[in-house]
file data-v4.pdb (PDB, C-alpha atoms and all ligand atoms)
ATOM      1  CA  MET A 827      10.774   5.677  -0.326
ATOM      2  CA  ALA A 828      14.389   4.806   0.467
ATOM      3  CA  GLU A 829      17.189   6.935   1.877
ATOM      4  CA  ALA A 830      19.930   7.815  -0.571
ATOM      5  CA  GLY A 831      22.277   4.858  -0.910
ATOM      6  CA  HIS A 832      19.977   2.393   0.833
ATOM      7  CA  ARG A 833      18.890  -0.495  -1.350
ATOM      8  CA  THR A 834      15.424  -1.676  -0.394
ATOM      9  CA  ARG A 835      15.218  -5.314   0.684
ATOM     10  CA  LEU A 836      12.691  -6.633  -1.830
ATOM     11  CA  ALA A 837      10.847  -9.956  -1.801
ATOM     12  CA  VAL A 838       9.223 -11.313  -4.949
ATOM     13  CA  LEU A 839       6.180 -13.561  -4.578
ATOM     14  CA  ILE A 840       5.499 -16.043  -7.372
ATOM     15  CA  SER A 841       3.261 -18.984  -8.194
ATOM     16  CA  GLY A 842       4.713 -20.210 -11.480
ATOM     17  CA  ARG A 843       7.236 -19.523 -14.201
ATOM     18  CA  GLY A 844       8.980 -16.580 -12.580
ATOM     19  CA  SER A 845      10.114 -14.692 -15.656
ATOM     20  CA  ASN A 846       9.148 -11.339 -14.141
ATOM     21  CA  MET A 847      10.940 -12.290 -10.932
ATOM     22  CA  GLU A 848      14.062 -13.107 -12.941
ATOM     23  CA  ALA A 849      13.887  -9.814 -14.829
ATOM     24  CA  ILE A 850      13.678  -7.903 -11.538
ATOM     25  CA  ALA A 851      16.491  -9.923  -9.978
ATOM     26  CA  ARG A 852      18.768  -9.406 -12.988
ATOM     27  CA  ALA A 853      18.084  -5.664 -13.007
ATOM     28  CA  ALA A 854      18.822  -5.609  -9.276
ATOM     29  CA  GLU A 855      22.286  -7.033  -9.920
ATOM     30  CA  ALA A 856      23.286  -3.515 -11.003
ATOM     31  CA  PRO A 857      24.826  -1.761  -7.997
ATOM     32  CA  ASP A 858      22.826   1.411  -8.616
ATOM     33  CA  TYR A 859      19.474  -0.389  -8.684
ATOM     34  CA  PRO A 860      17.513   0.840  -5.638
ATOM     35  CA  ALA A 861      16.537  -2.639  -4.437
ATOM     36  CA  ARG A 862      18.060  -6.037  -3.804
ATOM     37  CA  VAL A 863      15.996  -9.191  -4.177
ATOM     38  CA  VAL A 864      16.572 -10.877  -0.829
ATOM     39  CA  LEU A 865      13.837 -13.508  -0.992
ATOM     40  CA  VAL A 866      11.574 -15.318  -3.441
ATOM     41  CA  VAL A 867       8.502 -17.044  -2.033
ATOM     42  CA  SER A 868       6.163 -19.335  -3.932
ATOM     43  CA  ASN A 869       2.850 -20.657  -2.683
ATOM     44  CA  ARG A 870       3.404 -23.680  -4.925
ATOM     45  CA  ALA A 871       6.250 -26.152  -4.494
ATOM     46  CA  ASP A 872       6.192 -26.973  -8.221
ATOM     47  CA  ALA A 873       6.709 -23.392  -9.410
ATOM     48  CA  PRO A 874       9.486 -23.377 -12.044
ATOM     49  CA  GLY A 875      10.483 -19.945 -10.786
ATOM     50  CA  LEU A 876      11.941 -21.501  -7.631
ATOM     51  CA  ALA A 877      14.768 -23.087  -9.620
ATOM     52  CA  ARG A 878      15.319 -19.812 -11.450
ATOM     53  CA  ALA A 879      15.678 -18.019  -8.115
ATOM     54  CA  ALA A 880      18.086 -20.636  -6.799
ATOM     55  CA  ALA A 881      20.172 -20.330  -9.975
ATOM     56  CA  LEU A 882      20.356 -16.591  -9.333
ATOM     57  CA  GLY A 883      21.590 -17.260  -5.807
ATOM     58  CA  ILE A 884      18.451 -15.891  -4.172
ATOM     59  CA  PRO A 885      16.891 -17.653  -1.165
ATOM     60  CA  ALA A 886      13.758 -19.356  -2.494
ATOM     61  CA  GLU A 887      11.131 -20.631  -0.093
ATOM     62  CA  VAL A 888       7.771 -22.334  -0.402
ATOM     63  CA  VAL A 889       4.812 -21.378   1.760
ATOM     64  CA  PRO A 890       2.261 -23.896   0.479
ATOM     65  CA  HIS A 891      -1.188 -22.361   0.842
ATOM     66  CA  ARG A 892      -2.884 -25.758   0.861
ATOM     67  CA  ALA A 893      -1.071 -26.691   4.075
ATOM     68  CA  PHE A 894      -2.909 -24.004   6.031
ATOM     69  CA  ALA A 895      -6.407 -23.976   7.432
ATOM     70  CA  GLY A 896      -7.334 -20.715   5.761
ATOM     71  CA  ARG A 897      -6.120 -17.521   4.155
ATOM     72  CA  GLU A 898      -5.217 -15.836   7.440
ATOM     73  CA  ALA A 899      -3.033 -18.741   8.569
ATOM     74  CA  PHE A 900      -1.332 -18.894   5.159
ATOM     75  CA  GLU A 901      -0.697 -15.157   5.201
ATOM     76  CA  ALA A 902       0.636 -15.233   8.760
ATOM     77  CA  ALA A 903       3.208 -17.809   7.650
ATOM     78  CA  LEU A 904       4.048 -15.737   4.581
ATOM     79  CA  ASP A 905       4.397 -12.597   6.672
ATOM     80  CA  ALA A 906       6.696 -14.442   9.067
ATOM     81  CA  ARG A 907       9.021 -15.407   6.213
ATOM     82  CA  LEU A 908       9.095 -11.822   4.934
ATOM     83  CA  ARG A 909       9.934 -10.536   8.407
ATOM     84  CA  ALA A 910      12.577 -13.227   8.912
ATOM     85  CA  HIS A 911      14.392 -11.787   5.904
ATOM     86  CA  ASP A 912      13.866  -8.141   6.984
ATOM     87  CA  VAL A 913      11.894  -7.525   3.824
ATOM     88  CA  GLU A 914      10.970  -3.890   3.276
ATOM     89  CA  ALA A 915       8.944  -4.104   0.054
ATOM     90  CA  VAL A 916       7.132  -6.828  -1.861
ATOM     91  CA  ALA A 917       6.635  -7.371  -5.594
ATOM     92  CA  LEU A 918       3.915  -9.784  -6.693
ATOM     93  CA  ALA A 919       4.969 -11.425  -9.961
ATOM     94  CA  GLY A 920       2.505 -13.991 -11.215
ATOM     95  CA  PHE A 921       1.409 -14.649  -7.633
ATOM     96  CA  MET A 922      -1.989 -16.283  -7.969
ATOM     97  CA  ARG A 923      -3.456 -15.908  -4.486
ATOM     98  CA  VAL A 924      -5.873 -13.184  -3.537
ATOM     99  CA  LEU A 925      -4.557 -11.448  -0.406
ATOM    100  CA  THR A 926      -6.825 -10.420   2.454
ATOM    101  CA  PRO A 927      -7.251  -6.774   3.486
ATOM    102  CA  GLY A 928      -5.344  -7.616   6.679
ATOM    103  CA  PHE A 929      -2.210  -8.702   4.833
ATOM    104  CA  VAL A 930      -2.512  -5.916   2.275
ATOM    105  CA  GLY A 931      -2.876  -3.414   5.115
ATOM    106  CA  ARG A 932       0.322  -4.618   6.769
ATOM    107  CA  TRP A 933       2.213  -3.981   3.508
ATOM    108  CA  GLU A 934       0.262  -0.945   2.373
ATOM    109  CA  GLY A 935       2.320   1.354   0.189
ATOM    110  CA  ARG A 936       5.121  -1.222   0.155
ATOM    111  CA  MET A 937       3.648  -3.854  -2.177
ATOM    112  CA  VAL A 938       3.299  -3.740  -5.969
ATOM    113  CA  ASN A 939       1.829  -6.063  -8.588
ATOM    114  CA  ILE A 940       2.071  -6.477 -12.340
ATOM    115  CA  HIS A 941      -1.138  -7.202 -14.174
ATOM    116  CA  PRO A 942      -1.279  -8.192 -17.861
ATOM    117  CA  SER A 943      -3.789  -5.617 -19.064
ATOM    118  CA  LEU A 944      -4.122  -1.881 -19.390
ATOM    119  CA  LEU A 945      -5.935  -1.364 -16.101
ATOM    120  CA  PRO A 946      -8.621  -0.322 -15.372
ATOM    121  CA  LEU A 947      -9.496  -2.609 -18.281
ATOM    122  CA  TYR A 948      -9.757  -6.298 -17.426
ATOM    123  CA  PRO A 949      -8.927  -6.826 -13.780
ATOM    124  CA  GLY A 950      -8.865 -10.518 -12.846
ATOM    125  CA  LEU A 951      -8.125 -13.488 -15.089
ATOM    126  CA  ASP A 952      -8.093 -14.195 -18.855
ATOM    127  CA  THR A 953      -7.081 -10.662 -19.743
ATOM    128  CA  HIS A 954      -5.763 -11.455 -23.223
ATOM    129  CA  ALA A 955      -8.828 -13.423 -24.320
ATOM    130  CA  ARG A 956     -11.007 -10.590 -23.056
ATOM    131  CA  ALA A 957      -8.996  -7.961 -24.941
ATOM    132  CA  LEU A 958      -9.287 -10.022 -28.137
ATOM    133  CA  ALA A 959     -13.012 -10.617 -27.654
ATOM    134  CA  ALA A 960     -13.532  -6.880 -27.229
ATOM    135  CA  GLY A 961     -11.690  -6.160 -30.489
ATOM    136  CA  ASP A 962      -9.094  -3.986 -28.742
ATOM    137  CA  ARG A 963      -6.318  -2.674 -30.968
ATOM    138  CA  GLU A 964      -3.818  -2.442 -28.163
ATOM    139  CA  ALA A 965      -3.055  -4.371 -25.018
ATOM    140  CA  GLY A 966      -0.411  -4.141 -22.365
ATOM    141  CA  ALA A 967       0.542  -4.414 -18.744
ATOM    142  CA  THR A 968       0.186  -2.322 -15.616
ATOM    143  CA  VAL A 969       2.306  -2.032 -12.488
ATOM    144  CA  HIS A 970       0.256  -0.815  -9.545
ATOM    145  CA  LEU A 971       0.318  -0.522  -5.791
ATOM    146  CA  VAL A 972      -1.627  -3.317  -4.124
ATOM    147  CA  THR A 973      -4.777  -2.290  -2.299
ATOM    148  CA  PRO A 974      -7.481  -4.541  -0.852
ATOM    149  CA  GLU A 975      -9.572  -4.414  -4.018
ATOM    150  CA  LEU A 976      -8.102  -6.754  -6.667
ATOM    151  CA  ASP A 977      -6.087  -5.069  -9.468
ATOM    152  CA  SER A 978      -7.390  -1.620  -8.496
ATOM    153  CA  GLY A 979      -4.557   0.179  -6.700
ATOM    154  CA  PRO A 980      -2.847   3.373  -7.870
ATOM    155  CA  ILE A 981      -1.097   2.868 -11.194
ATOM    156  CA  LEU A 982       2.681   3.354 -11.229
ATOM    157  CA  ALA A 983       3.449   2.527 -14.872
ATOM    158  CA  GLN A 984       2.034   0.924 -17.998
ATOM    159  CA  ALA A 985       3.433  -0.547 -21.213
ATOM    160  CA  ARG A 986       1.414  -0.832 -24.410
ATOM    161  CA  VAL A 987       1.718  -3.299 -27.278
ATOM    162  CA  PRO A 988      -0.322  -3.611 -30.471
ATOM    163  CA  VAL A 989      -2.883  -6.342 -31.002
ATOM    164  CA  LEU A 990      -2.046  -7.865 -34.384
ATOM    165  CA  ALA A 991      -4.288  -9.560 -36.926
ATOM    166  CA  GLY A 992      -4.441 -13.275 -36.215
ATOM    167  CA  ASP A 993      -3.426 -12.915 -32.573
ATOM    168  CA  THR A 994      -4.489 -15.623 -30.181
ATOM    169  CA  ALA A 995      -4.516 -15.233 -26.419
ATOM    170  CA  GLU A 996      -1.152 -17.027 -26.439
ATOM    171  CA  THR A 997       0.564 -14.845 -29.045
ATOM    172  CA  LEU A 998      -0.774 -11.715 -27.395
ATOM    173  CA  ALA A 999       0.333 -12.953 -23.963
ATOM    174  CA  GLY A1000       3.853 -13.467 -25.317
ATOM    175  CA  ARG A1001       4.010  -9.933 -26.697
ATOM    176  CA  VAL A1002       2.665  -8.488 -23.465
ATOM    177  CA  LEU A1003       5.123 -10.586 -21.430
ATOM    178  CA  ASP A1004       8.061  -9.190 -23.405
ATOM    179  CA  ALA A1005       6.830  -5.725 -22.464
ATOM    180  CA  GLU A1006       6.336  -6.761 -18.832
ATOM    181  CA  LEU A1007       9.930  -7.921 -18.512
ATOM    182  CA  ALA A1008      11.156  -4.421 -19.349
ATOM    183  CA  LEU A1009       8.371  -2.562 -17.547
ATOM    184  CA  TYR A1010       8.427  -4.187 -14.126
ATOM    185  CA  PRO A1011      12.097  -3.702 -13.179
ATOM    186  CA  GLN A1012      11.957  -0.093 -14.387
ATOM    187  CA  ALA A1013       8.701   0.660 -12.563
ATOM    188  CA  ILE A1014      10.075  -0.761  -9.316
ATOM    189  CA  ALA A1015      13.241   1.304  -9.673
ATOM    190  CA  ASP A1016      11.243   4.482 -10.288
ATOM    191  CA  TRP A1017       8.992   3.677  -7.330
ATOM    192  CA  LEU A1018      11.810   3.045  -4.882
ATOM    193  CA  ARG A1019      14.339   5.610  -6.028
ATOM    194  CA  PRO A1020      14.314   8.589  -3.687
ATOM    195  CA  ALA A1021      12.786  11.668  -5.300
ATOM    196  CA  GLY A1022      15.121  14.472  -6.298
TER     197      GLY A1022
HETATM  198  C1  LIG B1101       2.554 -12.372 -16.089
HETATM  199  O1  LIG B1101       1.920 -12.210 -17.313
HETATM  200  C2  LIG B1101       1.940 -11.486 -15.049
HETATM  201  O2  LIG B1101       1.515 -10.256 -15.534
HETATM  202  C3  LIG B1101       0.739 -12.299 -14.650
HETATM  203  O3  LIG B1101       1.187 -13.624 -14.639
HETATM  204  C4  LIG B1101       2.296 -13.755 -15.525
HETATM  205  C5  LIG B1101       3.442 -14.262 -14.710
HETATM  206  O4  LIG B1101       4.518 -14.692 -15.507
HETATM  207  N1  LIG B1101       0.193 -11.834 -13.410
HETATM  208  P1  LIG B1101       5.903 -15.039 -14.816
HETATM  209  O5  LIG B1101       5.625 -16.033 -13.695
HETATM  210  O6  LIG B1101       6.494 -13.762 -14.300
HETATM  211  O7  LIG B1101       6.734 -15.657 -15.888
END
call {"tool": "encode", "arguments": {"input": "data-v4.pdb", "output": "structure tokens", "more": "lines below"}}
Ligand code: GRF
result
Amino acid sequence: MAEAGHRTRLAVLISGRGSNMEAIARAAEAPDYPARVVLVVSNRADAPGLARAAALGIPAEVVPHRAFAGREAFEAALDARLRAHDVEAVALAGFMRVLTPGFVGRWEGRMVNIHPSLLPLYPGLDTHARALAAGDREAGATVHLVTPELDSGPILAQARVPVLAGDTAETLAGRVLDAELALYPQAIADWLRPAG
């Protein structure tokens, strides 16, 4: 995707804790990482990830979805912030807003997401409870390109973890999150690094 030597200007969109954002940003501190995190945007002013971004020295902005009349207006404001920072690619990391086909189309092929299941299993919410209810013996996370249909874009990478006896949705989520924090920075690097 990028020319040799060019480090893609990456924005990370969050809604909460921001641990995946931090993992990406820390990986991107390495000079040979193919992206730089130039902006973090949250749709929620109370997202703990905003303070994490600030501590990392990354511009952190809030585009509060509730302040807008509808999804299109919210997304226009979001898009304006991305363009203001010359963002070239977007990583969704615990970003809890469904994006319209219009926004997704503007960033097509340049926007990725991490989802806490082994897609195509369990798109949507409550993935860990659903994996436990199904009696699955493994769980995991998926990094995929964002397309208009939720959690359905082309898969870039997956990480698998075992489901252990006695797991709750919380213990399983913690194990999957540990895997996510390694998976997402690596998947983004592989995605953005020029082939060859
Ligand atoms: C992660 O489990 C991610 O897969 C899901 O939401 C969680 C976000 O965690 N979409 P964090 O905000 O990165 O800590």
call {"tool": "axis_aligned_box", "arguments": {"input": "data-v4.pdb", "around": "ligand LIG 1101 (chain B)", "padding_each_side": "8 Å", "output": "AutoDock Vina command-line options"}}
result
--center_x 3.5 --center_y -13.1 --center_z -15.4 --size_x 22.5 --size_y 21.8 --size_z 19.9
call {"tool": "resolve_selection", "arguments": {"input": "data-v4.pdb", "expression": "the PyMOL selection byres (((not hetatm)) within 10 of (chain B and resi 1101))", "output": "PDB file with C-alpha atoms, keeping the file's coordinate frame"}}
result
ATOM      1  CA  LEU A 839       6.180 -13.561  -4.578  1.00  0.00           C
ATOM      2  CA  ILE A 840       5.499 -16.043  -7.372  1.00  0.00           C
ATOM      3  CA  SER A 841       3.261 -18.984  -8.194  1.00  0.00           C
ATOM      4  CA  GLY A 842       4.713 -20.210 -11.480  1.00  0.00           C
ATOM      5  CA  ARG A 843       7.236 -19.523 -14.201  1.00  0.00           C
ATOM      6  CA  GLY A 844       8.980 -16.580 -12.580  1.00  0.00           C
ATOM      7  CA  SER A 845      10.114 -14.692 -15.656  1.00  0.00           C
ATOM      8  CA  ASN A 846       9.148 -11.339 -14.141  1.00  0.00           C
ATOM      9  CA  MET A 847      10.940 -12.290 -10.932  1.00  0.00           C
ATOM     10  CA  GLU A 848      14.062 -13.107 -12.941  1.00  0.00           C
ATOM     11  CA  ALA A 849      13.887  -9.814 -14.829  1.00  0.00           C
ATOM     12  CA  ILE A 850      13.678  -7.903 -11.538  1.00  0.00           C
ATOM     13  CA  ALA A 873       6.709 -23.392  -9.410  1.00  0.00           C
ATOM     14  CA  PRO A 874       9.486 -23.377 -12.044  1.00  0.00           C
ATOM     15  CA  GLY A 875      10.483 -19.945 -10.786  1.00  0.00           C
ATOM     16  CA  LEU A 918       3.915  -9.784  -6.693  1.00  0.00           C
ATOM     17  CA  ALA A 919       4.969 -11.425  -9.961  1.00  0.00           C
ATOM     18  CA  GLY A 920       2.505 -13.991 -11.215  1.00  0.00           C
ATOM     19  CA  PHE A 921       1.409 -14.649  -7.633  1.00  0.00           C
ATOM     20  CA  MET A 922      -1.989 -16.283  -7.969  1.00  0.00           C
ATOM     21  CA  ASN A 939       1.829  -6.063  -8.588  1.00  0.00           C
ATOM     22  CA  ILE A 940       2.071  -6.477 -12.340  1.00  0.00           C
ATOM     23  CA  HIS A 941      -1.138  -7.202 -14.174  1.00  0.00           C
ATOM     24  CA  PRO A 942      -1.279  -8.192 -17.861  1.00  0.00           C
ATOM     25  CA  SER A 943      -3.789  -5.617 -19.064  1.00  0.00           C
ATOM     26  CA  GLY A 950      -8.865 -10.518 -12.846  1.00  0.00           C
ATOM     27  CA  LEU A 951      -8.125 -13.488 -15.089  1.00  0.00           C
ATOM     28  CA  ASP A 952      -8.093 -14.195 -18.855  1.00  0.00           C
ATOM     29  CA  THR A 953      -7.081 -10.662 -19.743  1.00  0.00           C
ATOM     30  CA  HIS A 954      -5.763 -11.455 -23.223  1.00  0.00           C
ATOM     31  CA  GLY A 966      -0.411  -4.141 -22.365  1.00  0.00           C
ATOM     32  CA  ALA A 967       0.542  -4.414 -18.744  1.00  0.00           C
ATOM     33  CA  THR A 968       0.186  -2.322 -15.616  1.00  0.00           C
ATOM     34  CA  VAL A 969       2.306  -2.032 -12.488  1.00  0.00           C
ATOM     35  CA  ALA A 999       0.333 -12.953 -23.963  1.00  0.00           C
ATOM     36  CA  GLY A1000       3.853 -13.467 -25.317  1.00  0.00           C
ATOM     37  CA  ARG A1001       4.010  -9.933 -26.697  1.00  0.00           C
ATOM     38  CA  VAL A1002       2.665  -8.488 -23.465  1.00  0.00           C
ATOM     39  CA  LEU A1003       5.123 -10.586 -21.430  1.00  0.00           C
ATOM     40  CA  ASP A1004       8.061  -9.190 -23.405  1.00  0.00           C
ATOM     41  CA  ALA A1005       6.830  -5.725 -22.464  1.00  0.00           C
ATOM     42  CA  GLU A1006       6.336  -6.761 -18.832  1.00  0.00           C
ATOM     43  CA  LEU A1007       9.930  -7.921 -18.512  1.00  0.00           C
ATOM     44  CA  TYR A1010       8.427  -4.187 -14.126  1.00  0.00           C
TER      45      TYR A1010
END
call {"tool": "residues_around", "arguments": {"input": "data-v4.pdb", "residues": "Phe900 in chain A", "least_positions_apart": "5", "cutoff": "8 Å", "atoms": "all atoms listed in the file", "output": "list in words"}}
result
Val889, Pro890, His891, Ala893, Phe894 and Ala895 of chain A
call {"tool": "write_last_selection", "arguments": {"input": "data-v4.pdb", "atoms": "C-alpha atoms", "output": "PDB file, in the frame of the given file"}}
result
ATOM      1  CA  VAL A 889       4.812 -21.378   1.760  1.00  0.00           C
ATOM      2  CA  PRO A 890       2.261 -23.896   0.479  1.00  0.00           C
ATOM      3  CA  HIS A 891      -1.188 -22.361   0.842  1.00  0.00           C
ATOM      4  CA  ALA A 893      -1.071 -26.691   4.075  1.00  0.00           C
ATOM      5  CA  PHE A 894      -2.909 -24.004   6.031  1.00  0.00           C
ATOM      6  CA  ALA A 895      -6.407 -23.976   7.432  1.00  0.00           C
TER       7      ALA A 895
END
call {"tool": "closest_residue", "arguments": {"input": "data-v4.pdb", "among": "A:Arg936, A:His832, A:His911, A:Arg897", "to": "Val924 in chain A", "atoms": "only C-alpha atoms"}}
result
A:Arg897
call {"tool": "closest_residue", "arguments": {"input": "data-v4.pdb", "among": "A:Pro885, A:Thr973, A:Pro1011, A:Asp962", "to": "Ala991 in chain A", "atoms": "only C-alpha atoms"}}
result
A:Asp962
call {"tool": "residues_around", "arguments": {"input": "data-v4.pdb", "residues": "Gly883 in chain A", "least_positions_apart": "3", "cutoff": "12 Å", "atoms": "only C-alpha atoms", "output": "list in words"}}
result
Glu848, Ala851, Arg852, Glu855, Arg862, Val863, Val864, Leu865, Val866, Leu876, Ala877, Arg878, Ala879, Ala880 and Ala886 of chain A
call {"tool": "decode", "arguments": {"input": "data-v4.pdb", "residues": "range 931-949 of chain A", "atoms": "C-alpha atoms", "output": "mmCIF file, in the first residue's frame"}}
result
data_model
loop_
_atom_site.group_PDB
_atom_site.id
_atom_site.type_symbol
_atom_site.label_atom_id
_atom_site.label_comp_id
_atom_site.auth_asym_id
_atom_site.auth_seq_id
_atom_site.Cartn_x
_atom_site.Cartn_y
_atom_site.Cartn_z
ATOM 1 C CA GLY A 931 -16.850 3.743 0.788
ATOM 2 C CA ARG A 932 -14.730 6.854 1.265
ATOM 3 C CA TRP A 933 -12.172 4.779 3.205
ATOM 4 C CA GLU A 934 -12.554 1.555 1.262
ATOM 5 C CA GLY A 935 -9.404 -0.534 1.304
ATOM 6 C CA ARG A 936 -7.859 1.888 3.802
ATOM 7 C CA MET A 937 -9.775 0.973 6.968
ATOM 8 C CA VAL A 938 -9.345 -2.080 9.205
ATOM 9 C CA ASN A 939 -11.085 -3.376 12.322
ATOM 10 C CA ILE A 940 -10.332 -5.891 15.045
ATOM 11 C CA HIS A 941 -13.173 -8.113 16.129
ATOM 12 C CA PRO A 942 -13.001 -10.418 19.171
ATOM 13 C CA SER A 943 -14.054 -13.660 17.511
ATOM 14 C CA LEU A 944 -12.854 -16.030 14.842
ATOM 15 C CA LEU A 945 -14.902 -14.519 12.032
ATOM 16 C CA PRO A 946 -17.063 -15.552 10.272
ATOM 17 C CA LEU A 947 -18.198 -16.858 13.658
ATOM 18 C CA TYR A 948 -20.014 -14.342 15.844
ATOM 19 C CA PRO A 949 -20.142 -10.994 14.103
#
